[in-house]
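Asker: My questions all concern the structure below.
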Amino acid sequence: EENNTAYMALDRITGADLFTVADEQPERITNGFLLSVLDQCLTAIDFIHRNSLLHRDISPDNIMIDDRNHITLIDFGAAHEHSNKANSSIFAVKDGYSPYEFYIPKGKHEFSSDLYSLGATFHYLITGYAPPDSYTRLRAITSGKKDPYTPLASGDWPFDYNLLATIDHALKMRQKSRL
């Protein structure tokens, strides 16, 4: 703090976000790449969760990756301390990436909420599009219609089946059913 102004010094990240990588370098997205990036993302998320913090805005544009495939999780503007209380307000809802509990008043934000968003991010990397938004999915399910989400593990993707099934599991609608 100097001259009555607050300053924040941050690391400079050289690289691109995962949206850019998927769009401009799709050949980079291999099974090995996905497994490495997932492992690093889970390590970063585990660290923030162990420190009782929820990110609440995980999406391809908030994961930077350098040319050595090292990731940095960015944009903690919507982060919130985890508690056993319902969260009454959030700062970011991204259709396709946010779990249903972010759309409803007093939805309980849990560690599984961040994992849903991570699953949606990897769905995008694999398919090139976000999964159907969770609010639409919830409306379909509660009205007795079929969930519009098509599980990746049932498709013909050139990636490890266990990876695809794990992403599907992270994208379960019910919080208790997720990872």
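Scheme for the structure tokens: letters A, B, ... for chains in order shown; per-chain residue numbers from 1; ligand numbers from 1 in order shown.
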For A:Pro99, work out the shell of residues within 8 Å, counting only C-alpha atoms and skipping chain neighbours fewer than 6 positions away, then give it as an NGL selection string.

Answerer: :A and (113 or 116-117 or 133-135 or 173)

Asker: For the residues in that selection, give me C-alpha atoms as a PDB file, in the first residue's frame.

Answerer:
ATOM      1  CA  SER A 113     -19.686 -27.975  -6.815  1.00  0.00           C
ATOM      2  CA  TYR A 116     -18.889 -30.445 -11.266  1.00  0.00           C
ATOM      3  CA  SER A 117     -17.370 -27.375 -12.914  1.00  0.00           C
ATOM      4  CA  ASP A 133     -26.554 -26.172 -18.387  1.00  0.00           C
ATOM      5  CA  SER A 134     -27.486 -27.780 -15.100  1.00  0.00           C
ATOM      6  CA  TYR A 135     -30.586 -25.657 -14.588  1.00  0.00           C
ATOM      7  CA  MET A 173     -26.908 -33.644 -10.924  1.00  0.00           C
TER       8      MET A 173
END

Asker: Distance table requested - stretch 4-106 of chain A against stretch 119-126 of chain A, cut-off 10 Å, only C-alpha atoms: one row per qualifying residue with the closest atom pair and its distance in Å to one decimal, ordered by chain and rising residue number, as JSON lines.

Answerer:
{"residue": "A:Leu18", "atom": "CA", "partner": "A:Leu125", "partner_atom": "CA", "distance": 7.7}
{"residue": "A:Phe19", "atom": "CA", "partner": "A:Leu125", "partner_atom": "CA", "distance": 7.9}
{"residue": "A:Val21", "atom": "CA", "partner": "A:Leu125", "partner_atom": "CA", "distance": 8.9}
{"residue": "A:Ala22", "atom": "CA", "partner": "A:Leu125", "partner_atom": "CA", "distance": 6.2}
{"residue": "A:Asp23", "atom": "CA", "partner": "A:Leu125", "partner_atom": "CA", "distance": 9.3}
{"residue": "A:Pro26", "atom": "CA", "partner": "A:Leu125", "partner_atom": "CA", "distance": 8.7}
{"residue": "A:Ile29", "atom": "CA", "partner": "A:Leu125", "partner_atom": "CA", "distance": 7.4}
{"residue": "A:Thr30", "atom": "CA", "partner": "A:Ile126", "partner_atom": "CA", "distance": 9.2}
{"residue": "A:Asn31", "atom": "CA", "partner": "A:Ile126", "partner_atom": "CA", "distance": 9.6}
{"residue": "A:Leu34", "atom": "CA", "partner": "A:Phe122", "partner_atom": "CA", "distance": 7.9}
{"residue": "A:Val37", "atom": "CA", "partner": "A:Phe122", "partner_atom": "CA", "distance": 9.4}
{"residue": "A:Leu38", "atom": "CA", "partner": "A:Phe122", "partner_atom": "CA", "distance": 8.1}
{"residue": "A:Ile58", "atom": "CA", "partner": "A:Thr121", "partner_atom": "CA", "distance": 7.5}
{"residue": "A:Ser59", "atom": "CA", "partner": "A:Thr121", "partner_atom": "CA", "distance": 5.2}
{"residue": "A:Pro60", "atom": "CA", "partner": "A:Thr121", "partner_atom": "CA", "distance": 5.4}
{"residue": "A:Asp61", "atom": "CA", "partner": "A:Thr121", "partner_atom": "CA", "distance": 9.1}
{"residue": "A:Asn62", "atom": "CA", "partner": "A:Thr121", "partner_atom": "CA", "distance": 9.7}
{"residue": "A:Ile63", "atom": "CA", "partner": "A:Thr121", "partner_atom": "CA", "distance": 9.3}
{"residue": "A:Gly96", "atom": "CA", "partner": "A:Ala120", "partner_atom": "CA", "distance": 6.7}
{"residue": "A:Tyr97", "atom": "CA", "partner": "A:Ala120", "partner_atom": "CA", "distance": 5.2}
{"residue": "A:Ser98", "atom": "CA", "partner": "A:Ala120", "partner_atom": "CA", "distance": 8.1}
{"residue": "A:Pro99", "atom": "CA", "partner": "A:Ala120", "partner_atom": "CA", "distance": 9.2}

Asker: Find the residue from A:Lys94, A:Leu53, A:Glu1, A:Leu163 that sits nearest to A:Asp39; use only C-alpha atoms when measuring.

Answerer: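 That would be A:Leu163, the residue with the smallest distance to A:Asp39.
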
Asker: Atom CA of A:Leu179 to atom CA of A:Leu118: how many Å, to one decimal?

Answerer: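 Between atom CA of A:Leu179 and atom CA of A:Leu118 the gap works out to 11.0 Å.
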
Asker: Could you check how far atom CA of A:Arg68 sits from atom CA of A:Ala165, in Å to one decimal?

Answerer: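 Those two atoms sit 26.7 Å apart.
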
Asker: Applying 10 Å and only C-alpha atoms, which residues near A:Phe111 remain after dropping the ones on its own chain fewer than 6 positions away? List them as number ranges by chain.

Answerer: A: 45-46, 48-50, 52-56, 82, 175, 178-179

Asker: Please produce a file of the residues just selected, as a short mmCIF file (atom, residue, chain, number, x, y, z; two decimals), in the first residue's frame, where the atoms kept are all heavy atoms.

Answerer:
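Final output, out-v3.cif:
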data_model
loop_
_atom_site.label_atom_id
_atom_site.label_comp_id
_atom_site.auth_asym_id
_atom_site.auth_seq_id
_atom_site.Cartn_x
_atom_site.Cartn_y
_atom_site.Cartn_z
N ILE A 45 -7.15 -27.98 -6.85
CA ILE A 45 -8.46 -27.91 -6.18
C ILE A 45 -8.39 -28.55 -4.80
O ILE A 45 -8.97 -28.04 -3.84
CB ILE A 45 -9.54 -28.56 -7.07
CG1 ILE A 45 -9.77 -27.69 -8.31
CG2 ILE A 45 -10.85 -28.75 -6.30
CD1 ILE A 45 -10.60 -28.34 -9.39
N ASP A 46 -7.66 -29.65 -4.68
CA ASP A 46 -7.47 -30.27 -3.37
C ASP A 46 -6.82 -29.27 -2.41
O ASP A 46 -7.23 -29.17 -1.25
CB ASP A 46 -6.62 -31.53 -3.50
CG ASP A 46 -6.36 -32.18 -2.15
OD1 ASP A 46 -7.33 -32.50 -1.44
OD2 ASP A 46 -5.17 -32.37 -1.81
N ILE A 48 -6.94 -25.92 -2.44
CA ILE A 48 -7.86 -24.87 -1.99
C ILE A 48 -8.96 -25.44 -1.10
O ILE A 48 -9.36 -24.80 -0.14
CB ILE A 48 -8.42 -24.02 -3.15
CG1 ILE A 48 -9.27 -24.84 -4.11
CG2 ILE A 48 -7.31 -23.28 -3.87
CD1 ILE A 48 -9.97 -24.02 -5.17
N HIS A 49 -9.42 -26.65 -1.41
CA HIS A 49 -10.45 -27.27 -0.56
C HIS A 49 -9.91 -27.59 0.83
O HIS A 49 -10.61 -27.41 1.82
CB HIS A 49 -11.01 -28.52 -1.22
CG HIS A 49 -11.90 -28.23 -2.39
ND1 HIS A 49 -12.49 -29.22 -3.14
CD2 HIS A 49 -12.32 -27.06 -2.94
CE1 HIS A 49 -13.23 -28.69 -4.09
NE2 HIS A 49 -13.14 -27.37 -3.99
N ARG A 50 -8.67 -28.08 0.91
CA ARG A 50 -8.07 -28.36 2.22
C ARG A 50 -7.93 -27.09 3.05
O ARG A 50 -7.84 -27.13 4.26
CB ARG A 50 -6.71 -29.05 2.09
CG ARG A 50 -6.83 -30.55 1.83
CD ARG A 50 -5.50 -31.28 1.87
NE ARG A 50 -4.70 -30.98 0.66
CZ ARG A 50 -3.56 -30.31 0.66
NH1 ARG A 50 -3.03 -29.87 1.78
NH2 ARG A 50 -2.90 -30.07 -0.46
N SER A 52 -10.28 -24.85 3.07
CA SER A 52 -11.69 -24.45 3.26
C SER A 52 -12.14 -23.35 2.30
O SER A 52 -12.90 -22.46 2.67
CB SER A 52 -11.94 -24.01 4.71
OG SER A 52 -11.72 -25.09 5.57
N LEU A 53 -11.67 -23.42 1.07
CA LEU A 53 -12.05 -22.43 0.07
C LEU A 53 -12.70 -23.12 -1.11
O LEU A 53 -12.25 -24.19 -1.54
CB LEU A 53 -10.79 -21.68 -0.40
CG LEU A 53 -10.99 -20.39 -1.16
CD1 LEU A 53 -11.60 -19.32 -0.25
CD2 LEU A 53 -9.66 -19.90 -1.69
N LEU A 54 -13.78 -22.54 -1.60
CA LEU A 54 -14.43 -22.99 -2.84
C LEU A 54 -14.08 -22.00 -3.93
O LEU A 54 -14.17 -20.78 -3.72
CB LEU A 54 -15.95 -23.04 -2.67
CG LEU A 54 -16.48 -23.99 -1.61
CD1 LEU A 54 -17.98 -23.79 -1.44
CD2 LEU A 54 -16.18 -25.42 -2.00
N HIS A 55 -13.71 -22.46 -5.11
CA HIS A 55 -13.36 -21.57 -6.21
C HIS A 55 -14.62 -20.97 -6.83
O HIS A 55 -14.70 -19.78 -7.06
CB HIS A 55 -12.56 -22.33 -7.28
CG HIS A 55 -12.02 -21.45 -8.35
ND1 HIS A 55 -12.79 -21.01 -9.40
CD2 HIS A 55 -10.78 -20.93 -8.53
CE1 HIS A 55 -12.04 -20.24 -10.19
NE2 HIS A 55 -10.82 -20.19 -9.68
N ARG A 56 -15.60 -21.78 -7.16
CA ARG A 56 -16.92 -21.43 -7.67
C ARG A 56 -16.93 -20.81 -9.07
O ARG A 56 -17.95 -20.26 -9.48
CB ARG A 56 -17.67 -20.52 -6.69
CG ARG A 56 -17.83 -21.13 -5.32
CD ARG A 56 -18.79 -20.42 -4.44
NE ARG A 56 -18.63 -19.00 -4.41
CZ ARG A 56 -19.49 -18.16 -3.86
NH1 ARG A 56 -20.59 -18.63 -3.30
NH2 ARG A 56 -19.28 -16.87 -3.84
N HIS A 82 -15.65 -22.11 2.50
CA HIS A 82 -16.62 -23.19 2.63
C HIS A 82 -17.16 -23.21 4.05
O HIS A 82 -16.43 -23.07 5.02
CB HIS A 82 -15.96 -24.54 2.32
CG HIS A 82 -16.90 -25.69 2.48
ND1 HIS A 82 -16.91 -26.47 3.60
CD2 HIS A 82 -17.86 -26.18 1.67
CE1 HIS A 82 -17.85 -27.40 3.46
NE2 HIS A 82 -18.43 -27.25 2.30
N GLN A 175 -25.77 -33.55 -5.76
CA GLN A 175 -24.48 -33.31 -5.13
C GLN A 175 -23.93 -34.56 -4.45
O GLN A 175 -22.74 -34.85 -4.54
CB GLN A 175 -24.59 -32.18 -4.11
CG GLN A 175 -24.73 -30.82 -4.75
CD GLN A 175 -24.96 -29.74 -3.71
OE1 GLN A 175 -26.02 -29.69 -3.12
NE2 GLN A 175 -23.98 -28.90 -3.51
N ARG A 178 -22.10 -37.04 -6.79
CA ARG A 178 -20.85 -36.63 -7.43
C ARG A 178 -19.65 -37.13 -6.65
O ARG A 178 -19.76 -37.64 -5.55
CB ARG A 178 -20.77 -35.10 -7.49
CG ARG A 178 -21.78 -34.48 -8.38
CD ARG A 178 -21.58 -32.97 -8.44
NE ARG A 178 -22.84 -32.34 -8.76
CZ ARG A 178 -23.27 -31.20 -8.25
NH1 ARG A 178 -22.52 -30.54 -7.40
NH2 ARG A 178 -24.43 -30.72 -8.60
N LEU A 179 -18.50 -36.89 -7.22
CA LEU A 179 -17.23 -37.23 -6.56
C LEU A 179 -17.08 -36.39 -5.32
O LEU A 179 -17.48 -35.26 -5.28
CB LEU A 179 -16.07 -36.97 -7.51
CG LEU A 179 -16.08 -37.78 -8.81
CD1 LEU A 179 -15.03 -37.27 -9.76
CD2 LEU A 179 -15.86 -39.24 -8.50
#

Asker: How many Å lie between atom CA of A:Asp147 and atom CA of A:Ala170, rounded to one decimal?

Answerer: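 Those two atoms sit 15.0 Å apart.
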
Asker: Mind checking DSSP for chain A and telling me the strand (DSSP E) residues as a ChimeraX atom specification?

Answerer: /A:16-17,53-54,63-65,71-73,80-81

Asker: Using only C-alpha atoms, pick whichever of A:Asp11, A:Asp57, A:Ser36, A:His109 has the shortest atom-to-atom distance to A:Lys176.

Answerer: A:His109

Asker: Can you tell me, as an MDAnalysis selection string, which residues in stretch 16-175 of chain A count as alpha helix (DSSP H) by DSSP?

Answerer: chainID A and resid 18:24 31:50 111:127 134:142 161:170

Asker: Which residue, A:Leu171, A:Met8, A:Val93, A:Leu152, has the smallest gap to A:Thr127 when you use only C-alpha atoms?

Answerer: A:Leu152

Asker: With distances taken over only C-alpha atoms, which of A:Phe76, A:Arg139, A:Leu35, A:Gln40 is nearest to A:Phe159?

Answerer: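 Closest candidate: A:Leu35.
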
Asker: Mind checking which residues fall within 9 Å of A:Thr72, counting only C-alpha atoms, ignoring those fewer than 2 positions away in the same chain, and posting them as a list in words?

Answerer: Ile13, Gln40, Cys41, Ala44, Asn62, Ile63, Met64, Ile65, Asp66, His70 and Ile74 of chain A

Asker: Include all heavy atoms and write out the residues we just selected as a PDB file, in the first residue's frame.

Answerer:
ATOM      1  N   ILE A  13       1.771 -15.198 -15.833  1.00  0.00           N
ATOM      2  CA  ILE A  13       1.564 -16.531 -16.379  1.00  0.00           C
ATOM      3  C   ILE A  13       1.728 -16.454 -17.890  1.00  0.00           C
ATOM      4  O   ILE A  13       1.009 -15.726 -18.563  1.00  0.00           O
ATOM      5  CB  ILE A  13       0.162 -17.060 -16.022  1.00  0.00           C
ATOM      6  CG1 ILE A  13      -0.028 -17.074 -14.507  1.00  0.00           C
ATOM      7  CG2 ILE A  13      -0.049 -18.447 -16.616  1.00  0.00           C
ATOM      8  CD1 ILE A  13      -1.452 -17.278 -14.077  1.00  0.00           C
ATOM      9  N   GLN A  40      -3.194 -32.258 -12.407  1.00  0.00           N
ATOM     10  CA  GLN A  40      -2.763 -30.970 -11.875  1.00  0.00           C
ATOM     11  C   GLN A  40      -3.948 -30.152 -11.347  1.00  0.00           C
ATOM     12  O   GLN A  40      -3.837 -29.498 -10.300  1.00  0.00           O
ATOM     13  CB  GLN A  40      -2.037 -30.164 -12.948  1.00  0.00           C
ATOM     14  CG  GLN A  40      -0.703 -30.751 -13.362  1.00  0.00           C
ATOM     15  CD  GLN A  40      -0.100 -29.936 -14.470  1.00  0.00           C
ATOM     16  OE1 GLN A  40       0.316 -28.799 -14.233  1.00  0.00           O
ATOM     17  NE2 GLN A  40      -0.059 -30.485 -15.678  1.00  0.00           N
ATOM     18  N   CYS A  41      -5.050 -30.181 -12.067  1.00  0.00           N
ATOM     19  CA  CYS A  41      -6.251 -29.454 -11.613  1.00  0.00           C
ATOM     20  C   CYS A  41      -6.751 -30.015 -10.289  1.00  0.00           C
ATOM     21  O   CYS A  41      -7.106 -29.252  -9.384  1.00  0.00           O
ATOM     22  CB  CYS A  41      -7.354 -29.529 -12.667  1.00  0.00           C
ATOM     23  SG  CYS A  41      -7.074 -28.500 -14.119  1.00  0.00           S
ATOM     24  N   ALA A  44      -4.542 -28.810  -7.510  1.00  0.00           N
ATOM     25  CA  ALA A  44      -4.818 -27.406  -7.171  1.00  0.00           C
ATOM     26  C   ALA A  44      -6.132 -27.283  -6.399  1.00  0.00           C
ATOM     27  O   ALA A  44      -6.211 -26.579  -5.384  1.00  0.00           O
ATOM     28  CB  ALA A  44      -4.869 -26.560  -8.445  1.00  0.00           C
ATOM     29  N   ASN A  62     -10.535 -20.158 -17.007  1.00  0.00           N
ATOM     30  CA  ASN A  62      -9.887 -19.893 -15.725  1.00  0.00           C
ATOM     31  C   ASN A  62      -8.807 -20.914 -15.383  1.00  0.00           C
ATOM     32  O   ASN A  62      -8.396 -21.023 -14.231  1.00  0.00           O
ATOM     33  CB  ASN A  62     -10.922 -19.799 -14.603  1.00  0.00           C
ATOM     34  CG  ASN A  62     -11.694 -18.501 -14.683  1.00  0.00           C
ATOM     35  OD1 ASN A  62     -11.190 -17.501 -15.202  1.00  0.00           O
ATOM     36  ND2 ASN A  62     -12.912 -18.505 -14.197  1.00  0.00           N
ATOM     37  N   ILE A  63      -8.384 -21.647 -16.392  1.00  0.00           N
ATOM     38  CA  ILE A  63      -7.249 -22.556 -16.231  1.00  0.00           C
ATOM     39  C   ILE A  63      -6.249 -22.207 -17.316  1.00  0.00           C
ATOM     40  O   ILE A  63      -6.522 -22.366 -18.512  1.00  0.00           O
ATOM     41  CB  ILE A  63      -7.670 -24.038 -16.321  1.00  0.00           C
ATOM     42  CG1 ILE A  63      -8.699 -24.365 -15.226  1.00  0.00           C
ATOM     43  CG2 ILE A  63      -6.441 -24.945 -16.232  1.00  0.00           C
ATOM     44  CD1 ILE A  63      -9.326 -25.730 -15.350  1.00  0.00           C
ATOM     45  N   MET A  64      -5.124 -21.692 -16.893  1.00  0.00           N
ATOM     46  CA  MET A  64      -4.053 -21.322 -17.822  1.00  0.00           C
ATOM     47  C   MET A  64      -3.083 -22.497 -17.925  1.00  0.00           C
ATOM     48  O   MET A  64      -2.883 -23.235 -16.959  1.00  0.00           O
ATOM     49  CB  MET A  64      -3.305 -20.088 -17.310  1.00  0.00           C
ATOM     50  CG  MET A  64      -4.164 -18.847 -17.157  1.00  0.00           C
ATOM     51  SD  MET A  64      -4.693 -18.134 -18.721  1.00  0.00           S
ATOM     52  CE  MET A  64      -3.126 -17.590 -19.374  1.00  0.00           C
ATOM     53  N   ILE A  65      -2.483 -22.625 -19.106  1.00  0.00           N
ATOM     54  CA  ILE A  65      -1.512 -23.702 -19.313  1.00  0.00           C
ATOM     55  C   ILE A  65      -0.350 -23.159 -20.125  1.00  0.00           C
ATOM     56  O   ILE A  65      -0.548 -22.398 -21.079  1.00  0.00           O
ATOM     57  CB  ILE A  65      -2.173 -24.929 -19.987  1.00  0.00           C
ATOM     58  CG1 ILE A  65      -1.228 -26.111 -20.010  1.00  0.00           C
ATOM     59  CG2 ILE A  65      -2.695 -24.593 -21.372  1.00  0.00           C
ATOM     60  CD1 ILE A  65      -1.919 -27.447 -20.166  1.00  0.00           C
ATOM     61  N   ASP A  66       0.856 -23.516 -19.709  1.00  0.00           N
ATOM     62  CA  ASP A  66       2.025 -23.032 -20.430  1.00  0.00           C
ATOM     63  C   ASP A  66       2.474 -24.065 -21.462  1.00  0.00           C
ATOM     64  O   ASP A  66       1.843 -25.119 -21.622  1.00  0.00           O
ATOM     65  CB  ASP A  66       3.149 -22.635 -19.462  1.00  0.00           C
ATOM     66  CG  ASP A  66       3.736 -23.800 -18.674  1.00  0.00           C
ATOM     67  OD1 ASP A  66       3.555 -24.974 -19.069  1.00  0.00           O
ATOM     68  OD2 ASP A  66       4.392 -23.534 -17.645  1.00  0.00           O
ATOM     69  N   HIS A  70       2.031 -27.105 -17.880  1.00  0.00           N
ATOM     70  CA  HIS A  70       1.850 -26.818 -16.455  1.00  0.00           C
ATOM     71  C   HIS A  70       0.655 -25.878 -16.320  1.00  0.00           C
ATOM     72  O   HIS A  70       0.590 -24.855 -16.988  1.00  0.00           O
ATOM     73  CB  HIS A  70       3.105 -26.165 -15.873  1.00  0.00           C
ATOM     74  CG  HIS A  70       2.937 -25.796 -14.437  1.00  0.00           C
ATOM     75  ND1 HIS A  70       2.579 -24.529 -14.031  1.00  0.00           N
ATOM     76  CD2 HIS A  70       3.048 -26.539 -13.304  1.00  0.00           C
ATOM     77  CE1 HIS A  70       2.478 -24.505 -12.716  1.00  0.00           C
ATOM     78  NE2 HIS A  70       2.758 -25.704 -12.251  1.00  0.00           N
ATOM     79  N   ILE A  74      -6.750 -19.817 -12.123  1.00  0.00           N
ATOM     80  CA  ILE A  74      -6.815 -18.370 -11.922  1.00  0.00           C
ATOM     81  C   ILE A  74      -8.234 -17.922 -11.580  1.00  0.00           C
ATOM     82  O   ILE A  74      -9.159 -18.718 -11.569  1.00  0.00           O
ATOM     83  CB  ILE A  74      -6.304 -17.604 -13.173  1.00  0.00           C
ATOM     84  CG1 ILE A  74      -7.210 -17.862 -14.385  1.00  0.00           C
ATOM     85  CG2 ILE A  74      -4.855 -17.967 -13.476  1.00  0.00           C
ATOM     86  CD1 ILE A  74      -6.949 -16.946 -15.566  1.00  0.00           C
TER      87      ILE A  74
END
